[in-house]
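Below is the file target.cif, which contains mmCIF, C-alpha atoms.
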data_data
#
loop_
_atom_site.group_PDB
_atom_site.id
_atom_site.type_symbol
_atom_site.label_atom_id
_atom_site.label_comp_id
_atom_site.auth_asym_id
_atom_site.auth_seq_id
_atom_site.Cartn_x
_atom_site.Cartn_y
_atom_site.Cartn_z
ATOM 1 C CA MET T 1 -29.072 48.504 33.097
ATOM 2 C CA SER T 2 -27.375 46.431 35.780
ATOM 3 C CA LYS T 3 -28.388 42.838 36.453
ATOM 4 C CA PRO T 4 -27.666 42.204 40.151
ATOM 5 C CA THR T 5 -28.901 38.585 40.039
ATOM 6 C CA MET T 6 -26.503 37.464 37.295
ATOM 7 C CA GLY T 7 -24.037 34.936 38.671
ATOM 8 C CA ARG T 8 -25.859 34.409 41.947
ATOM 9 C CA GLY T 9 -25.508 30.795 43.120
ATOM 10 C CA LEU T 10 -22.928 29.949 40.466
ATOM 11 C CA GLY T 11 -20.496 28.468 43.005
ATOM 12 C CA SER T 12 -23.037 25.950 44.287
ATOM 13 C CA LEU T 13 -24.048 25.077 40.729
ATOM 14 C CA LEU T 14 -20.451 24.299 39.763
ATOM 15 C CA ALA T 15 -19.925 22.225 42.924
ATOM 16 C CA ASP T 16 -23.032 20.156 42.119
ATOM 17 C CA GLN T 17 -21.871 19.609 38.544
ATOM 18 C CA LYS T 18 -18.439 18.397 39.686
ATOM 19 C CA SER T 19 -19.937 15.848 42.047
ATOM 20 C CA GLN T 20 -22.135 14.477 39.247
ATOM 21 C CA THR T 21 -19.448 14.028 36.587
ATOM 22 C CA VAL T 22 -16.580 12.622 38.663
ATOM 23 C CA SER T 23 -16.950 10.395 41.688
ATOM 24 C CA ASP T 24 -14.354 8.626 43.808
ATOM 25 C CA ASN T 25 -14.806 4.946 44.528
ATOM 26 C CA THR T 26 -13.486 3.098 47.587
ATOM 27 C CA ALA T 27 -10.068 2.355 46.027
ATOM 28 C CA GLY T 28 -9.410 6.063 45.461
ATOM 29 C CA LYS T 29 -9.573 5.851 41.662
ATOM 30 C CA THR T 30 -11.566 8.383 39.690
ATOM 31 C CA GLU T 31 -14.493 6.846 37.845
ATOM 32 C CA ILE T 32 -16.246 8.404 34.877
ATOM 33 C CA ALA T 33 -19.944 9.066 35.391
ATOM 34 C CA ALA T 34 -22.459 6.834 33.617
ATOM 35 C CA GLY T 35 -23.664 9.494 31.181
ATOM 36 C CA VAL T 36 -20.178 10.430 30.035
ATOM 37 C CA ARG T 37 -19.214 6.737 29.763
ATOM 38 C CA THR T 38 -22.284 6.103 27.594
ATOM 39 C CA LEU T 39 -21.408 8.977 25.284
ATOM 40 C CA MET T 40 -17.807 7.802 24.926
ATOM 41 C CA THR T 41 -18.313 4.052 24.538
ATOM 42 C CA GLY T 42 -21.940 3.425 23.622
ATOM 43 C CA HIS T 43 -24.912 2.056 25.521
ATOM 44 C CA ASN T 44 -23.522 -1.500 25.938
ATOM 45 C CA ALA T 45 -20.390 -0.472 27.856
ATOM 46 C CA PRO T 46 -19.631 -2.380 31.068
ATOM 47 C CA LYS T 47 -20.256 -0.317 34.190
ATOM 48 C CA THR T 48 -17.231 -1.634 36.091
ATOM 49 C CA ASN T 49 -14.624 -0.396 33.589
ATOM 50 C CA PRO T 50 -13.677 3.201 34.518
ATOM 51 C CA VAL T 51 -11.559 3.720 31.385
ATOM 52 C CA PRO T 52 -13.454 3.842 28.080
ATOM 53 C CA SER T 53 -12.042 1.924 25.143
ATOM 54 C CA VAL T 54 -12.560 2.518 21.450
ATOM 55 C CA ALA T 55 -14.545 -0.291 19.868
ATOM 56 C CA SER T 56 -12.734 -2.137 17.093
ATOM 57 C CA PRO T 57 -14.389 -2.237 13.685
ATOM 58 C CA LYS T 58 -16.311 -5.362 12.738
ATOM 59 C CA GLY T 59 -14.182 -5.993 9.661
ATOM 60 C CA PRO T 60 -12.663 -4.328 6.643
ATOM 61 C CA ALA T 61 -14.785 -1.838 4.726
ATOM 62 C CA ILE T 62 -14.293 -3.845 1.508
ATOM 63 C CA PRO T 63 -14.350 -7.650 1.864
ATOM 64 C CA LEU T 64 -11.236 -9.560 0.842
ATOM 65 C CA TRP T 65 -12.994 -11.616 -1.830
ATOM 66 C CA TYR T 66 -13.899 -8.462 -3.787
ATOM 67 C CA PHE T 67 -10.216 -7.867 -4.463
ATOM 68 C CA LEU T 68 -9.620 -11.488 -5.400
ATOM 69 C CA ALA T 69 -12.627 -11.535 -7.742
ATOM 70 C CA ALA T 70 -11.472 -8.306 -9.406
ATOM 71 C CA ASP T 71 -8.004 -9.812 -9.758
ATOM 72 C CA ALA T 72 -9.358 -12.935 -11.463
ATOM 73 C CA LEU T 73 -11.622 -10.921 -13.780
ATOM 74 C CA LEU T 74 -8.803 -8.600 -14.819
ATOM 75 C CA ILE T 75 -6.461 -11.525 -15.543
ATOM 76 C CA GLY T 76 -9.259 -13.091 -17.594
ATOM 77 C CA LEU T 77 -9.682 -9.834 -19.509
ATOM 78 C CA ALA T 78 -5.968 -9.704 -20.263
ATOM 79 C CA LEU T 79 -6.062 -13.286 -21.556
ATOM 80 C CA LEU T 80 -9.128 -12.498 -23.667
ATOM 81 C CA ILE T 81 -7.372 -9.508 -25.210
ATOM 82 C CA ALA T 82 -4.250 -11.589 -25.904
ATOM 83 C CA PHE T 83 -6.025 -14.567 -27.503
ATOM 84 C CA THR T 84 -8.516 -12.603 -29.618
ATOM 85 C CA SER T 85 -6.035 -10.128 -31.082
ATOM 86 C CA PRO T 86 -4.529 -10.700 -34.529
ATOM 87 C CA LYS T 87 -1.032 -12.107 -34.790
ATOM 88 C CA PRO T 88 1.346 -10.279 -34.384
ATOM 89 C CA MET T 89 -0.367 -8.335 -31.577
ATOM 90 C CA PRO T 90 -0.723 -4.602 -32.268
ATOM 91 C CA THR T 91 1.077 -2.240 -29.904
ATOM 92 C CA SER T 92 -2.158 -0.681 -28.620
ATOM 93 C CA ARG T 93 -3.577 -4.063 -27.533
ATOM 94 C CA MET T 94 -0.255 -5.040 -25.989
ATOM 95 C CA ILE T 95 -0.188 -1.845 -23.924
ATOM 96 C CA LEU T 96 -3.837 -2.372 -22.938
ATOM 97 C CA SER T 97 -3.166 -5.927 -21.751
ATOM 98 C CA ILE T 98 -0.097 -4.751 -19.778
ATOM 99 C CA VAL T 99 -2.187 -2.040 -18.081
ATOM 100 C CA VAL T 100 -4.888 -4.601 -17.231
ATOM 101 C CA VAL T 101 -2.312 -6.977 -15.710
ATOM 102 C CA VAL T 102 -0.792 -4.137 -13.649
ATOM 103 C CA CYS T 103 -4.289 -3.260 -12.343
ATOM 104 C CA ALA T 104 -4.800 -6.929 -11.475
ATOM 105 C CA ALA T 105 -1.528 -6.913 -9.564
ATOM 106 C CA GLY T 106 -2.736 -3.831 -7.668
ATOM 107 C CA CYS T 107 -5.953 -5.637 -6.713
ATOM 108 C CA GLY T 108 -3.942 -8.621 -5.534
ATOM 109 C CA PHE T 109 -1.722 -6.343 -3.453
ATOM 110 C CA CYS T 110 -4.794 -4.701 -1.897
ATOM 111 C CA ALA T 111 -6.123 -8.168 -1.038
ATOM 112 C CA LEU T 112 -2.860 -8.953 0.734
ATOM 113 C CA LEU T 113 -3.046 -5.707 2.685
ATOM 114 C CA ALA T 114 -6.680 -6.288 3.656
ATOM 115 C CA GLY T 115 -5.827 -9.820 4.840
ATOM 116 C CA ALA T 116 -2.847 -8.574 6.882
ATOM 117 C CA ASP T 117 -5.113 -6.449 9.137
ATOM 118 C CA LYS T 118 -6.817 -9.522 10.582
ATOM 119 C CA GLY T 119 -3.629 -11.199 11.786
#
Rendering of file as structure tokens:
Amino acid sequence: MSKPTMGRGLGSLLADQKSQTVSDNTAGKTEIAAGVRTLMTGHNAPKTNPVPSVASPKGPAIPLWYFLAADALLIGLALLIAFTSPKPMPTSRMILSIVVVVCAAGCGFCALLAGADKG
């Protein structure tokens, strides 16, 4: 069955849609419509800025002091292992304390990387 009304008025519908999404201001620059600007930048976007910008994050996902606290705790654990082990230190405890110190160094490195993003 044929549908003779399908597509009728489509040209005027597309012309109306184009005038709603893009408008020209007096300087000849194309400005993004308010609805599209809100979707791209959020509801607090300034209305005079025609180009949307990506909002910067508020801060790092993990605070810097978490890494420093983990670093201090791991160094403390390595010292605890070293001072409570019998003399001479068994190989298993020595390897464990080395692994703990390497993990502490990794936490310290992550703290340096997290602090470098701010500057």
For this session: Please indicate the distance in Å from CA of Val100 (chain T) to CA of Leu77 (chain T), rounded to one decimal place.
Result: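 Going from CA of Val100 (chain T) over to CA of Leu77 (chain T), I get 7.5 Å.
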So which residues are close to (-2.8, -8.0, -3.2), meaning at most 12 Å away in the file's coordinates with only C-alpha atoms counted, and can you show them as a compact mmCIF listing (two decimals) with C-alpha atoms, in the frame of the given file?
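Contents of part_5.txt, as written:
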# COMPACT_ATOMS: atom_id res chain seq x y z
CA LEU T 64 -11.24 -9.56 0.84
CA TRP T 65 -12.99 -11.62 -1.83
CA TYR T 66 -13.90 -8.46 -3.79
CA PHE T 67 -10.22 -7.87 -4.46
CA LEU T 68 -9.62 -11.49 -5.40
CA ALA T 69 -12.63 -11.54 -7.74
CA ALA T 70 -11.47 -8.31 -9.41
CA ASP T 71 -8.00 -9.81 -9.76
CA ALA T 72 -9.36 -12.94 -11.46
CA VAL T 102 -0.79 -4.14 -13.65
CA CYS T 103 -4.29 -3.26 -12.34
CA ALA T 104 -4.80 -6.93 -11.48
CA ALA T 105 -1.53 -6.91 -9.56
CA GLY T 106 -2.74 -3.83 -7.67
CA CYS T 107 -5.95 -5.64 -6.71
CA GLY T 108 -3.94 -8.62 -5.53
CA PHE T 109 -1.72 -6.34 -3.45
CA CYS T 110 -4.79 -4.70 -1.90
CA ALA T 111 -6.12 -8.17 -1.04
CA LEU T 112 -2.86 -8.95 0.73
CA LEU T 113 -3.05 -5.71 2.68
CA ALA T 114 -6.68 -6.29 3.66
CA GLY T 115 -5.83 -9.82 4.84
CA ALA T 116 -2.85 -8.57 6.88
Exercise. What is the CA of Thr84 (chain T) to CA of Val101 (chain T) distance in Å?
Worked result: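 These atoms are spaced 16.2 Å apart.
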Exercise. With distances taken over only C-alpha atoms, which of T:Glu31, T:Ile81, T:Ile62, T:Val36 is nearest to Ser97 (chain T)?
Worked result: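 For Ser97 (chain T), the nearest of the candidates is T:Ile81.
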Problem set entry | Å distance separating CA of Lys87 (chain T) from CA of Leu73 (chain T), one decimal place | 23.6 Å
